[in-house]
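Comments concern the structure below.
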Amino acid sequence: MIALIQRVLSARVDVDNQTVGAIGAGLLALVAVQPEDGEAQTRRMLERLLGYRVFADDAGKMNRSLSDTGGGLLLVSQFTLAADTRSGMRPSFTSAASPEHGRRWFERLVELARSTHPKVEIGRFGAHMQVHLVNDGPVTFWLDVR
């Protein structure tokens, strides 16, 4: 499982000109499920999303996590993160999970997140989405839990 996380002041996802998920300060996580992903990878990704220290402490150092700050978490499925871009001029998606497998483990991630963290919003799996964000920093990290 892969996630591209961005520390945000705010973020929202629109589908068909309607907002389906929105947060204030927190993390936007674009998430890709890979074919070998299952329960272990999903739980580890959630642990990293909630525990990764990207928020400033009183000394201004990135030393606080989403769990520490209580900020929002916006989870957006994005299979294109799993693309193989090493050669050619067109991405290959053979390293991305099938839609069924991707949906299953993305929904499990959402379920676990909502049972653990108070502020979880989501995009719409498989939909054409517009993602709006105000990146704070900018601060962006790539998390990979293979």
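The chains in the structure tokens are called A, B, ... from first to last as shown; in each chain the residues are counted from 1, and the ligands are counted from 1 in the order shown.
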
- Task: Using DSSP on the backbone, list every residue of chain A that comes out as strand (DSSP E or B), and give them as a PyMOL selection string.
- Result: chain A and resi 2-15+18-23+26-32+55-56+62-64+72-77+84+92+120-122+130-144

- Exercise: range 71-86 of chain A partners within 7 Å, only C-alpha atoms, chain neighbours under 2 positions left out, as number ranges by chain: A: 22-34, 66, 69, 91-93, 95-96, 106, 119-123, 125

May I have the residues from that selection written out with N, CA and C atoms, as a short mmCIF file (atom, residue, chain, number, x, y, z; two decimals), in the first residue's frame?
```
data_model
loop_
_atom_site.label_atom_id
_atom_site.label_comp_id
_atom_site.auth_asym_id
_atom_site.auth_seq_id
_atom_site.Cartn_x
_atom_site.Cartn_y
_atom_site.Cartn_z
N ALA A 22 -14.47 16.72 3.36
CA ALA A 22 -13.70 17.94 3.61
C ALA A 22 -13.14 17.93 5.02
N ILE A 23 -11.94 18.50 5.16
CA ILE A 23 -11.31 18.63 6.48
C ILE A 23 -10.70 20.03 6.59
N GLY A 24 -10.46 20.43 7.83
CA GLY A 24 -9.65 21.61 8.09
C GLY A 24 -8.20 21.16 8.16
N ALA A 25 -7.45 21.67 9.12
CA ALA A 25 -6.05 21.31 9.26
C ALA A 25 -5.90 19.81 9.52
N GLY A 26 -4.90 19.20 8.86
CA GLY A 26 -4.66 17.78 9.04
C GLY A 26 -3.86 17.20 7.90
N LEU A 27 -4.23 15.98 7.49
CA LEU A 27 -3.53 15.29 6.41
C LEU A 27 -4.50 14.89 5.31
N LEU A 28 -4.06 15.14 4.09
CA LEU A 28 -4.70 14.57 2.91
C LEU A 28 -3.84 13.38 2.52
N ALA A 29 -4.45 12.21 2.39
CA ALA A 29 -3.71 11.01 2.00
C ALA A 29 -4.30 10.44 0.72
N LEU A 30 -3.50 10.47 -0.35
CA LEU A 30 -3.86 9.82 -1.60
C LEU A 30 -3.33 8.40 -1.48
N VAL A 31 -4.20 7.40 -1.62
CA VAL A 31 -3.85 6.02 -1.28
C VAL A 31 -4.00 5.10 -2.48
N ALA A 32 -2.97 4.27 -2.71
CA ALA A 32 -3.02 3.25 -3.76
C ALA A 32 -2.85 1.88 -3.12
N VAL A 33 -3.72 0.97 -3.51
CA VAL A 33 -3.64 -0.41 -3.06
C VAL A 33 -2.94 -1.21 -4.14
N GLN A 34 -2.05 -2.11 -3.71
CA GLN A 34 -1.32 -2.97 -4.64
C GLN A 34 -1.82 -4.41 -4.51
N LEU A 66 -0.63 13.20 13.61
CA LEU A 66 -2.05 13.49 13.47
C LEU A 66 -2.80 13.08 14.74
N THR A 69 -2.27 15.87 17.26
CA THR A 69 -2.95 17.15 16.98
C THR A 69 -4.46 17.02 16.93
N PRO A 91 2.28 5.39 -18.54
CA PRO A 91 2.38 4.58 -17.33
C PRO A 91 1.74 3.20 -17.51
N SER A 92 2.30 2.24 -16.78
CA SER A 92 1.72 0.90 -16.73
C SER A 92 1.08 0.73 -15.36
N PHE A 93 -0.10 0.14 -15.33
CA PHE A 93 -0.80 -0.02 -14.06
C PHE A 93 -0.85 -1.47 -13.59
N SER A 95 1.08 -2.83 -11.59
CA SER A 95 1.43 -2.92 -10.17
C SER A 95 0.34 -2.36 -9.26
N ALA A 96 -0.80 -1.96 -9.83
CA ALA A 96 -1.94 -1.51 -9.04
C ALA A 96 -2.90 -2.68 -8.84
N PHE A 106 -9.12 -0.45 0.50
CA PHE A 106 -9.31 0.97 0.78
C PHE A 106 -10.45 1.12 1.79
N LYS A 119 -11.77 12.32 13.23
CA LYS A 119 -12.08 13.17 12.08
C LYS A 119 -11.57 12.54 10.79
N VAL A 120 -12.37 11.66 10.20
CA VAL A 120 -11.98 10.98 8.95
C VAL A 120 -13.03 11.26 7.88
N GLU A 121 -12.57 11.76 6.76
CA GLU A 121 -13.43 12.00 5.60
C GLU A 121 -12.83 11.24 4.42
N ILE A 122 -13.64 11.02 3.39
CA ILE A 122 -13.16 10.27 2.23
C ILE A 122 -13.65 10.89 0.93
N GLY A 123 -12.95 10.52 -0.14
CA GLY A 123 -13.43 10.81 -1.49
C GLY A 123 -14.44 9.74 -1.86
N PHE A 125 -14.63 6.28 -4.04
CA PHE A 125 -13.84 5.28 -4.73
C PHE A 125 -14.31 5.14 -6.18
#
```

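For the pair CA of Arg48 in chain A and CA of Ala127 in chain A, the separation is 25.7 Å.
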
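Counting from CA of Arg103 in chain A, the distance to CA of Asn17 in chain A is 22.9 Å.
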
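Comparing A:Val54, A:Ala97, A:Val13, A:Ala113 by their smallest distance to Thr140 in chain A, the closest is A:Val54 (using only C-alpha atoms).
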
- Item | Which of A:Met89, A:Leu133, A:Ala40, A:Met45 sits closest to Ala11 in chain A [using only C-alpha atoms] | A:Leu133

- Tell me, as a list in words, which residues lie within 9 Å of Gly51 in chain A, counting only C-alpha atoms; anything in the same chain fewer than 6 positions away does not count. Arg64, Ser65, Leu66, Ser67 and Asp68 of chain A

Could you please take those selected residues and save C-alpha atoms as a PDB file, in the first residue's frame?
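Resulting contents of out06.pdb:
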```
ATOM      1  CA  ARG A  64       3.794  15.779  16.412  1.00  0.00           C
ATOM      2  CA  SER A  65       1.534  13.302  14.651  1.00  0.00           C
ATOM      3  CA  LEU A  66      -2.051  13.487  13.471  1.00  0.00           C
ATOM      4  CA  SER A  67      -3.028  11.551  16.590  1.00  0.00           C
ATOM      5  CA  ASP A  68      -1.264  14.189  18.695  1.00  0.00           C
TER       6      ASP A  68
END
```

- Message: Would you pick out the contacts of Arg12 in chain A at 6 Å or less, using only C-alpha atoms, so that residues sharing its chain but fewer than 4 positions from it are not included, and give the list as a list in words?
- Response: Gly21, Ala22, Val131 and His132 of chain A

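Each of A:Gln6, A:Leu143, A:Met129, A:Gly38 was compared to Trp105 in chain A using only C-alpha atoms, and A:Gly38 turns out to be the nearest.
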
- range 12-108 of chain A: which residues are helix (DSSP H, G or I) by DSSP, as a PyMOL selection string? chain A and resi 39-51+66-69+79-82+99-108

Could you turn the residues from that selection into a file that holds C-alpha atoms, as a PDB file, in the first residue's frame?
```pdb
ATOM      1  CA  GLU A  39      -4.835  -6.727   6.468  1.00  0.00           C
ATOM      2  CA  ALA A  40      -1.209  -6.353   7.589  1.00  0.00           C
ATOM      3  CA  GLN A  41      -0.420  -3.618   5.062  1.00  0.00           C
ATOM      4  CA  THR A  42      -3.700  -1.822   5.778  1.00  0.00           C
ATOM      5  CA  ARG A  43      -3.096  -1.771   9.532  1.00  0.00           C
ATOM      6  CA  ARG A  44       0.509  -0.656   9.061  1.00  0.00           C
ATOM      7  CA  MET A  45      -0.553   2.153   6.732  1.00  0.00           C
ATOM      8  CA  LEU A  46      -3.082   3.415   9.253  1.00  0.00           C
ATOM      9  CA  GLU A  47      -0.443   3.289  11.982  1.00  0.00           C
ATOM     10  CA  ARG A  48       1.848   5.417   9.815  1.00  0.00           C
ATOM     11  CA  LEU A  49      -0.885   7.858   8.760  1.00  0.00           C
ATOM     12  CA  LEU A  50      -1.881   8.532  12.346  1.00  0.00           C
ATOM     13  CA  GLY A  51       1.614   8.367  13.834  1.00  0.00           C
ATOM     14  CA  LEU A  66      -2.051  13.487  13.471  1.00  0.00           C
ATOM     15  CA  SER A  67      -3.028  11.551  16.590  1.00  0.00           C
ATOM     16  CA  ASP A  68      -1.264  14.189  18.695  1.00  0.00           C
ATOM     17  CA  THR A  69      -2.947  17.145  16.984  1.00  0.00           C
ATOM     18  CA  PHE A  79      -4.615   3.880  -8.059  1.00  0.00           C
ATOM     19  CA  THR A  80      -2.293   5.906 -10.312  1.00  0.00           C
ATOM     20  CA  LEU A  81       0.229   6.154  -7.456  1.00  0.00           C
ATOM     21  CA  ALA A  82       1.012   2.485  -8.063  1.00  0.00           C
ATOM     22  CA  PRO A  99     -10.681  -2.437  -8.722  1.00  0.00           C
ATOM     23  CA  GLU A 100     -12.307  -5.097  -6.516  1.00  0.00           C
ATOM     24  CA  HIS A 101      -9.166  -5.707  -4.459  1.00  0.00           C
ATOM     25  CA  GLY A 102      -8.457  -1.979  -4.261  1.00  0.00           C
ATOM     26  CA  ARG A 103     -11.973  -1.179  -3.055  1.00  0.00           C
ATOM     27  CA  ARG A 104     -11.879  -3.936  -0.443  1.00  0.00           C
ATOM     28  CA  TRP A 105      -8.657  -2.751   1.195  1.00  0.00           C
ATOM     29  CA  PHE A 106      -9.313   0.967   0.780  1.00  0.00           C
ATOM     30  CA  GLU A 107     -12.679   0.507   2.515  1.00  0.00           C
ATOM     31  CA  ARG A 108     -10.978  -1.513   5.249  1.00  0.00           C
TER      32      ARG A 108
END
```

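Here the question is which of A:Val134, A:Val110, A:Ile2, A:Val139 gets nearest to Asp37 in chain A using only C-alpha atoms, and that residue is A:Ile2.
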
- Task: Can you pull out every residue within 6 Å of Asn135 in chain A, counting only C-alpha atoms, but drop anything in the same chain fewer than 3 positions away, and send it as a PyMOL selection string?
- Result: chain A and resi 7-8+138

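With CA of Asp14 in chain A on one side and CA of Gly126 in chain A on the other, the separation reads 12.9 Å.
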